[in-house]
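Quick look at entry_36.tsv (TSV, C-alpha atoms):
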chain	number	residue	atom	x	y	z
E	9	MET	CA	139.76	155.15	135.61
E	10	ASN	CA	139.21	158.44	133.82
E	11	PHE	CA	136.50	160.98	134.39
E	12	SER	CA	133.87	160.98	131.70
E	13	ILE	CA	131.08	163.44	131.06
E	14	LYS	CA	128.75	161.30	129.05
E	15	ASP	CA	125.15	162.37	129.51
E	16	SER	CA	123.11	165.53	129.59
E	17	ARG	CA	122.75	165.83	133.37
E	18	PRO	CA	124.60	168.66	135.13
E	19	ILE	CA	128.35	168.14	134.88
E	20	TRP	CA	128.96	168.64	138.60
E	21	GLN	CA	126.60	165.74	139.41
E	22	GLN	CA	128.46	163.41	137.09
E	23	LEU	CA	131.77	164.42	138.66
E	24	THR	CA	130.32	163.88	142.16
E	25	GLU	CA	129.25	160.34	141.29
E	26	GLN	CA	132.63	159.44	139.88
E	27	LEU	CA	134.47	160.89	142.88
E	28	ARG	CA	132.22	158.96	145.30
E	29	GLN	CA	133.02	155.80	143.38
E	30	ARG	CA	136.75	156.52	143.64
E	31	ILE	CA	136.49	157.04	147.38
E	32	VAL	CA	134.50	153.91	148.23
E	33	THR	CA	136.72	151.76	146.00
E	34	GLY	CA	139.84	153.04	147.75
E	35	VAL	CA	141.41	154.98	144.88
E	36	TYR	CA	141.74	157.66	147.56
E	37	PRO	CA	142.17	155.58	150.76
E	38	PRO	CA	140.55	156.54	154.09
E	39	GLY	CA	142.57	159.24	155.85
E	40	SER	CA	144.62	160.12	152.78
E	41	ARG	CA	145.06	163.58	151.36
E	42	PHE	CA	142.37	164.40	148.82
E	43	PRO	CA	143.59	166.13	145.64
E	44	SER	CA	142.97	169.87	145.23
E	45	VAL	CA	140.22	171.33	143.08
E	46	ARG	CA	142.79	172.51	140.56
E	47	GLU	CA	144.45	169.10	140.30
E	48	LEU	CA	141.16	167.31	139.79
E	49	ALA	CA	139.78	169.92	137.39
E	50	SER	CA	142.92	169.62	135.33
E	51	GLU	CA	142.77	165.82	135.34
E	52	ALA	CA	139.11	165.79	134.31
E	53	GLY	CA	139.54	168.67	131.86
E	54	VAL	CA	136.67	170.58	133.46
E	55	ASN	CA	136.06	174.03	134.79
E	56	PRO	CA	137.49	174.48	138.33
E	57	ASN	CA	134.24	176.06	139.57
E	58	THR	CA	132.33	172.96	138.46
E	59	MET	CA	134.79	170.68	140.24
E	60	GLN	CA	134.51	172.91	143.31
E	61	ARG	CA	130.78	172.28	143.37
E	62	ALA	CA	131.31	168.51	143.20
E	63	MET	CA	133.79	168.77	146.09
E	64	GLY	CA	131.20	170.71	148.09
E	65	GLN	CA	128.81	167.79	147.68
E	66	LEU	CA	131.46	165.31	148.88
E	67	GLU	CA	131.88	167.44	152.00
E	68	THR	CA	128.12	167.46	152.54
E	69	ASP	CA	128.18	163.66	152.11
E	70	GLY	CA	130.82	163.52	154.87
E	71	LEU	CA	133.20	161.66	152.56
E	72	VAL	CA	135.79	164.41	152.64
E	73	THR	CA	136.71	166.80	155.43
E	74	THR	CA	138.49	170.10	155.16
E	75	ASN	CA	141.05	171.13	157.73
E	76	ARG	CA	142.47	174.57	157.61
E	77	THR	CA	146.07	173.50	157.51
E	78	GLN	CA	146.32	170.30	155.49
E	79	GLY	CA	143.61	170.84	152.89
E	80	ARG	CA	141.13	168.04	152.32
E	81	THR	CA	141.34	164.48	153.59
E	82	VAL	CA	139.22	161.41	152.94
E	83	THR	CA	137.12	160.37	155.93
E	84	ARG	CA	138.19	157.44	158.12
E	85	ASP	CA	134.60	156.90	159.23
E	86	THR	CA	133.83	153.38	158.01
E	87	GLU	CA	130.11	153.84	158.64
E	88	VAL	CA	129.96	156.79	156.26
E	89	LEU	CA	131.97	154.89	153.64
E	90	GLU	CA	129.83	151.77	154.01
E	91	ALA	CA	126.60	153.76	153.75
E	92	MET	CA	127.85	155.38	150.54
E	93	ARG	CA	128.85	152.00	149.14
E	94	ARG	CA	125.31	150.71	149.81
E	95	SER	CA	123.78	153.81	148.30
E	96	LEU	CA	125.85	153.49	145.09
E	97	ALA	CA	125.02	149.77	144.89
E	98	ARG	CA	121.33	150.49	145.41
E	99	ALA	CA	121.28	153.04	142.59
E	100	ARG	CA	122.94	150.55	140.22
E	101	THR	CA	120.47	147.87	141.27
E	102	GLN	CA	117.57	150.15	140.48
E	103	GLU	CA	119.02	150.87	137.05
E	104	TYR	CA	119.52	147.16	136.47
E	105	LEU	CA	115.94	146.34	137.45
E	106	GLN	CA	114.63	149.03	135.11
E	107	GLU	CA	116.57	147.48	132.25
E	108	MET	CA	115.24	144.03	133.14
E	109	GLN	CA	111.72	145.42	133.26
E	110	ALA	CA	112.25	146.89	129.80
E	111	LEU	CA	113.16	143.35	128.68
E	112	GLY	CA	109.98	142.03	130.27
E	113	LEU	CA	111.48	140.49	133.43
E	114	GLU	CA	109.94	141.21	136.82
E	115	ALA	CA	112.18	141.82	139.83
E	116	ALA	CA	111.80	138.25	141.12
E	117	ALA	CA	112.85	136.75	137.78
E	118	ALA	CA	115.79	139.14	137.62
E	119	ALA	CA	116.82	138.20	141.15
E	120	GLU	CA	116.74	134.53	140.16
E	121	LEU	CA	119.11	135.30	137.28
E	122	VAL	CA	121.43	137.22	139.60
E	123	ARG	CA	121.53	134.20	141.96
E	124	GLU	CA	122.28	131.77	139.10
E	125	GLU	CA	125.05	133.92	137.68
E	126	GLY	CA	126.40	134.56	141.17
E	127	GLU	CA	126.90	130.83	141.68
E	128	LYS	CA	129.17	130.69	138.61
E	129	ILE	CA	131.63	133.25	140.02
U	30	MET	CA	137.78	195.71	141.23
U	31	SER	CA	134.23	196.24	140.05
U	32	GLU	CA	131.88	193.26	140.21
U	33	ILE	CA	131.25	193.42	136.50
U	34	LEU	CA	134.36	193.02	134.38
U	35	VAL	CA	132.78	193.42	130.96
U	36	GLU	CA	129.66	195.37	130.20
U	37	CYS	CA	128.07	195.96	126.81
U	38	ARG	CA	124.97	198.11	126.46
U	39	ALA	CA	122.88	198.28	123.27
U	40	LEU	CA	125.98	197.58	121.24
U	41	ARG	CA	125.55	197.90	117.49
U	42	ARG	CA	127.97	197.59	114.63
U	43	SER	CA	127.24	197.71	110.93
U	44	PHE	CA	129.49	197.05	107.96
U	45	GLY	CA	127.79	198.99	105.17
U	46	SER	CA	124.28	197.58	104.99
U	47	VAL	CA	125.18	194.49	107.03
U	48	GLN	CA	124.28	194.65	110.71
U	49	ALA	CA	126.83	192.45	112.48
U	50	LEU	CA	125.68	193.36	115.99
U	51	ARG	CA	122.09	194.45	116.59
U	52	GLY	CA	121.97	195.69	120.15
U	53	VAL	CA	124.08	193.42	122.36
U	54	ASP	CA	123.56	193.68	126.11
U	55	LEU	CA	126.05	191.57	128.04
U	56	LYS	CA	127.59	191.53	131.50
U	57	LEU	CA	130.47	189.25	132.46
U	58	GLU	CA	131.72	188.75	136.00
U	59	PRO	CA	135.35	188.11	136.94
U	60	GLY	CA	136.50	184.53	137.52
U	61	LYS	CA	134.42	182.87	134.81
U	62	ILE	CA	135.12	180.88	131.69
U	63	VAL	CA	132.46	181.90	129.19
U	64	GLY	CA	131.67	180.37	125.82
U	65	LEU	CA	130.67	182.81	123.08
U	66	LEU	CA	128.69	180.43	120.94
U	67	GLY	CA	127.06	181.01	117.61
U	68	PRO	CA	127.12	179.85	114.02
U	69	ASN	CA	129.40	181.51	111.50
U	70	GLY	CA	128.35	185.06	110.78
U	71	SER	CA	126.53	185.52	114.10
U	72	GLY	CA	128.85	188.34	115.19
U	73	LYS	CA	131.32	186.55	117.50
U	74	THR	CA	134.48	187.97	115.97
U	75	THR	CA	132.97	191.46	115.64
U	76	LEU	CA	132.10	191.46	119.34
U	77	ILE	CA	135.57	190.27	120.34
U	78	LYS	CA	137.23	192.90	118.16
U	79	ILE	CA	135.12	195.62	119.75
U	80	LEU	CA	136.04	194.34	123.23
U	81	ASN	CA	139.72	194.66	122.49
U	82	GLY	CA	139.45	197.98	120.71
U	83	LEU	CA	140.25	196.81	117.16
U	84	LEU	CA	136.82	197.89	115.99
U	85	GLN	CA	134.66	200.79	117.11
U	86	PRO	CA	130.96	200.19	117.72
U	87	SER	CA	128.51	202.07	115.50
U	88	SER	CA	126.53	202.85	118.66
U	89	GLY	CA	126.15	201.66	122.22
U	90	GLU	CA	128.61	201.37	125.07
U	91	VAL	CA	131.39	198.99	126.13
U	92	ARG	CA	133.26	198.98	129.42
U	93	ILE	CA	136.13	196.73	130.48
U	94	ASP	CA	136.58	197.10	134.23
U	95	GLY	CA	134.82	200.46	133.91
U	96	ARG	CA	136.96	201.74	131.05
U	97	ALA	CA	136.30	202.14	127.35
U	98	PRO	CA	138.40	199.76	125.21
U	99	GLY	CA	141.60	201.45	124.09
U	100	VAL	CA	145.16	202.03	125.22
U	101	ASP	CA	144.08	201.80	128.86
U	102	THR	CA	142.55	198.36	128.52
U	103	LYS	CA	145.38	196.72	126.53
U	104	GLU	CA	147.11	195.86	129.80
U	105	LEU	CA	143.96	194.08	131.02
U	106	VAL	CA	143.16	192.13	127.90
U	107	SER	CA	145.02	189.19	126.38
U	108	TYR	CA	143.77	188.50	122.87
U	109	LEU	CA	144.11	185.45	120.65
U	110	PRO	CA	143.02	186.39	117.13
U	111	ASP	CA	141.45	183.86	114.81
U	112	ARG	CA	144.44	184.02	112.49
U	113	GLU	CA	148.21	183.90	112.68
U	114	TYR	CA	150.09	187.14	112.89
U	115	PHE	CA	153.78	186.31	113.30
U	116	PRO	CA	155.96	187.93	110.65
U	117	ASP	CA	158.16	185.58	108.63
U	118	TRP	CA	161.46	186.72	110.10
U	119	MET	CA	160.60	185.85	113.72
U	120	ARG	CA	162.13	183.09	115.71
U	121	VAL	CA	160.36	181.66	118.77
U	122	SER	CA	162.64	183.73	121.01
U	123	ASP	CA	161.68	186.91	119.11
U	124	ALA	CA	158.02	186.26	119.82
U	125	LEU	CA	158.85	185.80	123.52
U	126	ASP	CA	160.84	189.07	123.50
U	127	PHE	CA	157.98	190.83	121.77
U	128	PHE	CA	155.46	189.78	124.44
U	129	GLN	CA	157.89	190.64	127.21
U	130	ASP	CA	158.42	194.14	125.80
U	131	PHE	CA	154.75	194.85	125.33
U	132	TYR	CA	153.11	193.32	128.38
U	133	ALA	CA	154.18	193.86	131.99
U	134	ASP	CA	152.07	190.87	133.08
U	135	PHE	CA	153.85	188.43	130.72
U	136	ASP	CA	155.38	185.52	132.64
U	137	ARG	CA	158.33	184.61	130.47
U	138	ALA	CA	159.46	181.69	132.64
U	139	ARG	CA	156.04	180.12	132.26
U	140	ALA	CA	156.05	180.60	128.49
U	141	GLU	CA	159.53	179.07	128.23
U	142	GLU	CA	158.41	176.14	130.35
U	143	MET	CA	155.49	175.52	127.99
U	144	CYS	CA	157.83	175.75	124.98
U	145	ARG	CA	160.06	173.10	126.58
U	146	ALA	CA	157.07	170.85	127.23
U	147	LEU	CA	156.25	171.09	123.52
U	148	GLU	CA	159.91	170.54	122.59
U	149	LEU	CA	159.75	173.85	120.80
U	150	GLU	CA	163.27	175.24	120.52
U	151	GLN	CA	163.61	178.99	120.95
U	152	GLY	CA	165.98	179.28	118.01
U	153	ARG	CA	163.43	177.82	115.59
U	154	SER	CA	162.14	180.10	112.88
U	155	ILE	CA	158.39	180.40	113.32
U	156	LYS	CA	157.62	180.05	109.61
U	157	THR	CA	159.20	176.56	109.61
U	158	LEU	CA	156.83	175.31	112.32
U	159	SER	CA	153.77	173.26	111.48
U	160	LYS	CA	150.45	175.08	111.49
U	161	GLY	CA	149.39	173.22	114.64
U	162	MET	CA	152.61	174.18	116.40
U	163	ARG	CA	152.25	177.85	115.41
U	164	GLU	CA	148.74	177.85	116.87
U	165	LYS	CA	150.00	176.32	120.11
U	166	LEU	CA	152.79	178.91	120.32
U	167	GLN	CA	150.33	181.73	119.82
U	168	LEU	CA	148.04	180.34	122.53
U	169	LEU	CA	150.81	179.75	125.06
U	170	LEU	CA	152.00	183.35	124.64
U	171	VAL	CA	148.49	184.66	125.23
U	172	MET	CA	147.94	182.39	128.24
U	173	SER	CA	151.30	183.32	129.79
U	174	ARG	CA	149.90	186.72	130.65
U	175	GLN	CA	148.23	187.31	134.02
U	176	ALA	CA	145.41	189.17	132.32
U	177	ARG	CA	142.01	190.18	133.64
U	178	LEU	CA	140.26	189.27	130.41
U	179	TYR	CA	141.33	186.65	127.89
U	180	LEU	CA	139.60	186.94	124.52
U	181	LEU	CA	140.16	183.73	122.58
U	182	ASP	CA	138.72	183.79	119.08
U	183	GLU	CA	138.17	180.26	117.76
U	184	PRO	CA	141.12	178.69	119.60
U	185	ILE	CA	140.10	175.14	118.64
U	186	ALA	CA	138.88	175.58	115.06
U	187	GLY	CA	140.54	173.27	112.59
U	188	VAL	CA	142.86	171.41	114.97
U	189	ASP	CA	143.07	167.66	115.58
U	190	PRO	CA	141.63	166.13	118.80
U	191	ALA	CA	145.01	165.84	120.52
U	192	ALA	CA	145.80	169.50	119.83
U	193	ARG	CA	142.31	170.43	121.03
U	194	ASP	CA	142.96	168.67	124.34
U	195	TYR	CA	146.31	170.43	124.62
U	196	ILE	CA	144.72	173.82	123.99
U	197	LEU	CA	141.86	173.33	126.47
U	198	HIS	CA	144.27	171.99	129.07
U	199	THR	CA	146.58	174.97	128.55
U	200	ILE	CA	143.68	177.37	129.04
U	201	LEU	CA	142.47	175.59	132.19
U	202	THR	CA	145.85	175.38	133.84
U	203	ASN	CA	147.10	178.86	133.00
U	204	TYR	CA	144.30	181.39	133.16
U	205	ASN	CA	144.32	183.89	135.97
U	206	PRO	CA	141.52	182.61	138.29
U	207	GLN	CA	140.52	186.20	139.08
U	208	GLY	CA	140.22	186.91	135.39
U	209	THR	CA	137.58	185.99	132.85
U	210	VAL	CA	138.09	183.90	129.74
U	211	LEU	CA	135.82	184.43	126.75
U	212	ILE	CA	136.14	181.62	124.19
U	213	SER	CA	134.35	181.97	120.88
U	214	THR	CA	133.58	178.77	119.02
U	215	HIS	CA	130.96	176.85	117.12
U	216	LEU	CA	132.43	173.51	118.31
U	217	ILE	CA	130.37	173.40	121.47
U	218	SER	CA	130.60	169.79	122.54
U	219	ASP	CA	134.39	170.16	122.75
U	220	VAL	CA	134.37	173.13	125.11
U	221	GLU	CA	131.19	172.56	127.09
U	222	GLN	CA	132.86	171.01	130.12
U	223	VAL	CA	135.38	173.80	130.57
U	224	LEU	CA	132.74	176.55	130.59
U	225	ASP	CA	130.95	178.22	133.50
U	226	GLU	CA	128.53	180.05	131.26
U	227	ALA	CA	127.31	180.00	127.69
U	228	VAL	CA	126.35	183.04	125.64
U	229	PHE	CA	124.38	182.23	122.47
U	230	LEU	CA	124.74	184.79	119.72
U	231	ARG	CA	122.32	184.73	116.80
U	232	GLU	CA	122.39	187.23	113.97
U	233	GLY	CA	124.04	189.84	116.13
U	234	GLU	CA	121.90	189.41	119.24
U	235	VAL	CA	122.42	187.61	122.54
U	236	VAL	CA	119.58	185.07	122.69
U	237	LEU	CA	120.75	183.19	125.80
U	238	HIS	CA	123.21	183.78	128.64
U	239	GLU	CA	123.13	181.10	131.33
U	240	ALA	CA	125.35	178.84	133.43
U	241	VAL	CA	126.11	175.53	131.71
U	242	ASP	CA	124.87	173.36	134.57
U	243	SER	CA	121.78	175.52	134.89
U	244	ILE	CA	121.01	174.89	131.20
U	245	ARG	CA	121.45	171.16	131.77
U	246	GLU	CA	119.26	171.24	134.86
U	247	ARG	CA	116.54	173.35	133.30
U	248	THR	CA	116.32	171.72	129.87
U	249	GLY	CA	117.64	168.21	130.50
U	250	GLN	CA	119.89	168.75	127.50
U	251	SER	CA	123.56	169.44	127.03
U	252	VAL	CA	124.45	172.92	125.80
U	253	ASP	CA	125.48	171.33	122.52
U	254	SER	CA	122.08	169.74	121.92
U	255	LEU	CA	120.20	172.85	123.06
U	256	PHE	CA	122.32	174.86	120.62
U	257	ARG	CA	121.52	172.47	117.79
U	258	GLU	CA	117.85	172.70	118.61
U	259	MET	CA	117.77	176.50	118.81
U	260	PHE	CA	119.80	177.01	115.65
U	261	ARG	CA	118.31	174.26	113.52
U	262	THR	CA	115.78	176.55	111.88
U	263	GLY	CA	116.57	180.04	110.74
U	264	GLY	CA	120.27	179.67	111.42
U	265	ARG	CA	122.69	179.52	108.56
U	266	GLU	CA	124.50	176.31	107.74
U	267	GLY	CA	127.84	176.28	109.53
U	268	GLY	CA	130.85	175.70	107.34
U	269	GLU	CA	134.35	175.34	108.81
U	270	ARG	CA	135.36	178.87	109.91
U	271	ASN	CA	134.43	181.60	107.62
U	272	ASP	CA	134.08	184.41	110.12
U	273	ARG	CA	134.99	187.86	109.05

Take the structure in this file and express it as C-alpha cells.
Amino acid sequence: MNFSIKDSRPIWQQLTEQLRQRIVTGVYPPGSRFPSVRELASEAGVNPNTMQRAMGQLETDGLVTTNRTQGRTVTRDTEVLEAMRRSLARARTQEYLQEMQALGLEAAAAAELVREEGEKI
Amino acid sequence: MSEILVECRALRRSFGSVQALRGVDLKLEPGKIVGLLGPNGSGKTTLIKILNGLLQPSSGEVRIDGRAPGVDTKELVSYLPDREYFPDWMRVSDALDFFQDFYADFDRARAEEMCRALELEQGRSIKTLSKGMREKLQLLLVMSRQARLYLLDEPIAGVDPAARDYILHTILTNYNPQGTVLISTHLISDVEQVLDEAVFLREGEVVLHEAVDSIRERTGQSVDSLFREMFRTGGREGGERNDR
C-alpha cells in the first residue's frame, strides 16, 4: 500500500489517516519499531515537517509511543488499537451511508443491502 | 544563526522599461522547503539571481544570514540554474573535481554514491549524456553540498514523470535539514507535497506567502487549485519555460 495525497484537505491529515490504517491492519505490528520521520517522508515523497506533524497526531492518539533510547514503537495496548479500528470503521460507514443517501436509500434500506451482501461472503 | 535566513525588503529590479520585481518583501526561516510559484515572466528567476548575487537589485535590500549577496554568501548558497552550464570538454569526474575545489561543504562521497545509483560512470564525457541525465548530474552536485540555502530554479521543468520523482526524492533525501530550499516552478501539483510554504509571485510582487497545509485548511483547496484560481484572470498564459 502506497501513500497517496489525493484530495484538497491538509496533507498531514491524509498522512495521519493512512498511518492509522497501517497500524490497525498490522503493517506495523504492536510493539514493533515504528519507522523514522525521514524514512516515512522519503517513502511518501512528502516534506519531513509534514510527516512530523502526522507522527505527532499518532502519538496523541496513543498509537505510537516515543522512548528516548529506541525511537518510536507501536503500542501494544489492544484497547487503543481496537478503539481506533472502530473509529476508522465508523468513519467509513458514515461515508457509505452518505453515498447511499445520495442514491436515495435510507439507512435502514442500506443496512438491509449490507446484510444481504454479507451473507454471500 | 539568525532566525531569518533570507530577507528581502522593497526589492526592485528593472530591465530597461520592464519592471521584473516591483517591491518584493520576503522573509524565509531556516529548515523550510519553500515553493517560489508564479507563471512565466512573474520574476522568479530574477529573484533567484539576485539572491545568489548574479544580478544586482535596482533598489531595496537583500540579506542572506545577515549578509549582502556576494563572495561572502557563495559558501552558504547552492544554486541550480535553469540551464546547463557544463563545458563540452568535461567528464563527470571533472565536474566532481570542480565542485570539490570550489565548495568546502561539498560531500564528494555522497555525490559519487548518487552517480553509482544512476549508473553514471565518472569517465563519461558530459556532452554524450542524455539531457535528462545531465540535469540529474547537475542536481546531484548541487544537493551534495551541505548548504544553508539551496536555490533551485525550475528543477522539474521539461522532465518526464520518472525523472521528476527522482529529482524530488533527491532533494528530500539530501538537503541539509537546517538549511532552506527555495524551488521555483510553475508545475505546482508536482511539488506541492514536498513544500512547507508557498510564495506566489505575480508580476514582480509577492501576493501570497503561507504554509501549504494552512492554505488547504483555510481555503479548502490545494495550492495548485488556489494558484489556478488566482492566476486565471490577469495572469499571462503559461507556455513551457520561457523565463529570462

- Min atom-atom distance to chain E from the set U:Gly99, U:Arg139, U:Leu105, U:Ile62, counting only C-alpha atoms, belongs to U:Ile62

Can I get the residues of chain U within 6 Å of chain E, each with the closest pair of atoms and their distance in Å to one decimal, using only C-alpha atoms, sorted chain first then ascending number, as a Markdown table?
| residue | atom | partner | partner_atom | distance |
| --- | --- | --- | --- | --- |
| U:Gln222 | CA | E:Val54 | CA | 5.1 |
| U:Val223 | CA | E:Asn55 | CA | 4.3 |
| U:Leu224 | CA | E:Asn55 | CA | 5.9 |
| U:Asp242 | CA | E:Pro18 | CA | 4.7 |
| U:Arg245 | CA | E:Pro18 | CA | 5.2 |
| U:Glu246 | CA | E:Pro18 | CA | 5.9 |
| U:Gln250 | CA | E:Ser16 | CA | 5.0 |
| U:Ser251 | CA | E:Ser16 | CA | 4.7 |

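Counting only C-alpha atoms and comparing U:Leu125, U:Met119, U:Leu55, U:Ala176, the residue that lies closest to Phe229 in chain U is U:Leu55.
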
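The residue that comes closest to Leu84 in chain U, out of U:Arg120, U:Arg96, U:Arg42, U:Lys103 and on the basis of all atoms listed in the file, is U:Arg42.
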
- Select, counting only C-alpha atoms, all protein, DNA and RNA residues no farther than 12 Å from (160.4, 181.3, 131.1) in file coordinates, and express the selection as JSON, numbers by chain. {"U": [122, 125, 126, 128, 129, 135, 136, 137, 138, 139, 140, 141, 142, 143, 144, 145, 146, 151, 169, 170, 173, 174]}

Take the residues that were just selected and, keeping C-alpha atoms, output them as a PDB file, keeping the file's coordinate frame.
ATOM      1  CA  SER U 122     162.640 183.730 121.010  1.00  0.00           C
ATOM      2  CA  LEU U 125     158.850 185.800 123.520  1.00  0.00           C
ATOM      3  CA  ASP U 126     160.840 189.070 123.500  1.00  0.00           C
ATOM      4  CA  PHE U 128     155.460 189.780 124.440  1.00  0.00           C
ATOM      5  CA  GLN U 129     157.890 190.640 127.210  1.00  0.00           C
ATOM      6  CA  PHE U 135     153.850 188.430 130.720  1.00  0.00           C
ATOM      7  CA  ASP U 136     155.380 185.520 132.640  1.00  0.00           C
ATOM      8  CA  ARG U 137     158.330 184.610 130.470  1.00  0.00           C
ATOM      9  CA  ALA U 138     159.460 181.690 132.640  1.00  0.00           C
ATOM     10  CA  ARG U 139     156.040 180.120 132.260  1.00  0.00           C
ATOM     11  CA  ALA U 140     156.050 180.600 128.490  1.00  0.00           C
ATOM     12  CA  GLU U 141     159.530 179.070 128.230  1.00  0.00           C
ATOM     13  CA  GLU U 142     158.410 176.140 130.350  1.00  0.00           C
ATOM     14  CA  MET U 143     155.490 175.520 127.990  1.00  0.00           C
ATOM     15  CA  CYS U 144     157.830 175.750 124.980  1.00  0.00           C
ATOM     16  CA  ARG U 145     160.060 173.100 126.580  1.00  0.00           C
ATOM     17  CA  ALA U 146     157.070 170.850 127.230  1.00  0.00           C
ATOM     18  CA  GLN U 151     163.610 178.990 120.950  1.00  0.00           C
ATOM     19  CA  LEU U 169     150.810 179.750 125.060  1.00  0.00           C
ATOM     20  CA  LEU U 170     152.000 183.350 124.640  1.00  0.00           C
ATOM     21  CA  SER U 173     151.300 183.320 129.790  1.00  0.00           C
ATOM     22  CA  ARG U 174     149.900 186.720 130.650  1.00  0.00           C
TER      23      ARG U 174
END

Listed atoms of range 117-126 of chain U, axis-aligned box, 4 Å per side: centre and edge lengths to one decimal in Å, as JSON?
{"center_x": 160.3, "center_y": 185.4, "center_z": 116.1, "size_x": 12.6, "size_y": 15.4, "size_z": 22.9}

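Considering the residues U:Glu234, U:Asp182, U:Asp130, U:Glu113 and counting only C-alpha atoms, Gln167 in chain U has its shortest atom-to-atom contact with U:Glu113.
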
- Could you tell me how far CA of Asp117 in chain U lies from CA of Leu168 in chain U, in Å and to one decimal? 18.0 Å

- Message: Could you list, as a list in words, every residue within 12 Å of range 69-86 of chain E, counting all atoms listed in the file and ignoring same-chain residues fewer than 5 positions away?
- Response: Thr24, Glu25, Leu27, Arg28, Gln29, Arg30, Ile31, Val32, Gly34, Val35, Tyr36, Pro37, Pro38, Gly39, Ser40, Arg41, Phe42, Pro43, Ser44, Val45, Ala62, Met63, Gly64, Ala91, Met92, Arg93 and Ser95 of chain E

- Query: Between CA of Lys165 in chain U and CA of Tyr195 in chain U, what is the spacing in Å?
  - Reply: 8.3 Å

Protein and nucleic acid residues near (130.4, 179.3, 118.2) (cut-off 12 Å, all atoms listed in the file) as a short mmCIF file (atom, residue, chain, number, x, y, z; two decimals) with C-alpha atoms, in the frame of the given file:
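The new file point.cif reads:
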data_model
loop_
_atom_site.label_atom_id
_atom_site.label_comp_id
_atom_site.auth_asym_id
_atom_site.auth_seq_id
_atom_site.Cartn_x
_atom_site.Cartn_y
_atom_site.Cartn_z
CA VAL U 63 132.46 181.90 129.19
CA GLY U 64 131.67 180.37 125.82
CA LEU U 65 130.67 182.81 123.08
CA LEU U 66 128.69 180.43 120.94
CA GLY U 67 127.06 181.01 117.61
CA PRO U 68 127.12 179.85 114.02
CA ASN U 69 129.40 181.51 111.50
CA GLY U 70 128.35 185.06 110.78
CA SER U 71 126.53 185.52 114.10
CA GLY U 72 128.85 188.34 115.19
CA LYS U 73 131.32 186.55 117.50
CA THR U 74 134.48 187.97 115.97
CA LEU U 181 140.16 183.73 122.58
CA ASP U 182 138.72 183.79 119.08
CA GLU U 183 138.17 180.26 117.76
CA PRO U 184 141.12 178.69 119.60
CA ILE U 185 140.10 175.14 118.64
CA ALA U 186 138.88 175.58 115.06
CA LEU U 211 135.82 184.43 126.75
CA ILE U 212 136.14 181.62 124.19
CA SER U 213 134.35 181.97 120.88
CA THR U 214 133.58 178.77 119.02
CA HIS U 215 130.96 176.85 117.12
CA LEU U 216 132.43 173.51 118.31
CA ILE U 217 130.37 173.40 121.47
CA SER U 218 130.60 169.79 122.54
CA ASP U 219 134.39 170.16 122.75
CA VAL U 220 134.37 173.13 125.11
CA GLU U 221 131.19 172.56 127.09
CA ALA U 227 127.31 180.00 127.69
CA VAL U 228 126.35 183.04 125.64
CA PHE U 229 124.38 182.23 122.47
CA LEU U 230 124.74 184.79 119.72
CA ARG U 231 122.32 184.73 116.80
CA VAL U 252 124.45 172.92 125.80
CA ASP U 253 125.48 171.33 122.52
CA PHE U 256 122.32 174.86 120.62
CA ARG U 257 121.52 172.47 117.79
CA PHE U 260 119.80 177.01 115.65
CA GLY U 267 127.84 176.28 109.53
CA GLY U 268 130.85 175.70 107.34
CA GLU U 269 134.35 175.34 108.81
CA ARG U 270 135.36 178.87 109.91
CA ASN U 271 134.43 181.60 107.62
CA ASP U 272 134.08 184.41 110.12
#

- Message: Could you list, as an MDAnalysis selection string, every residue within 9 Å of Tyr104 in chain E, counting all atoms listed in the file and ignoring same-chain residues fewer than 5 positions away?
- Response: chainID E and resid 99 109 118

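Computed from the coordinates, the CA of Glu90 in chain E to CA of Ala117 in chain E distance equals 27.9 Å.
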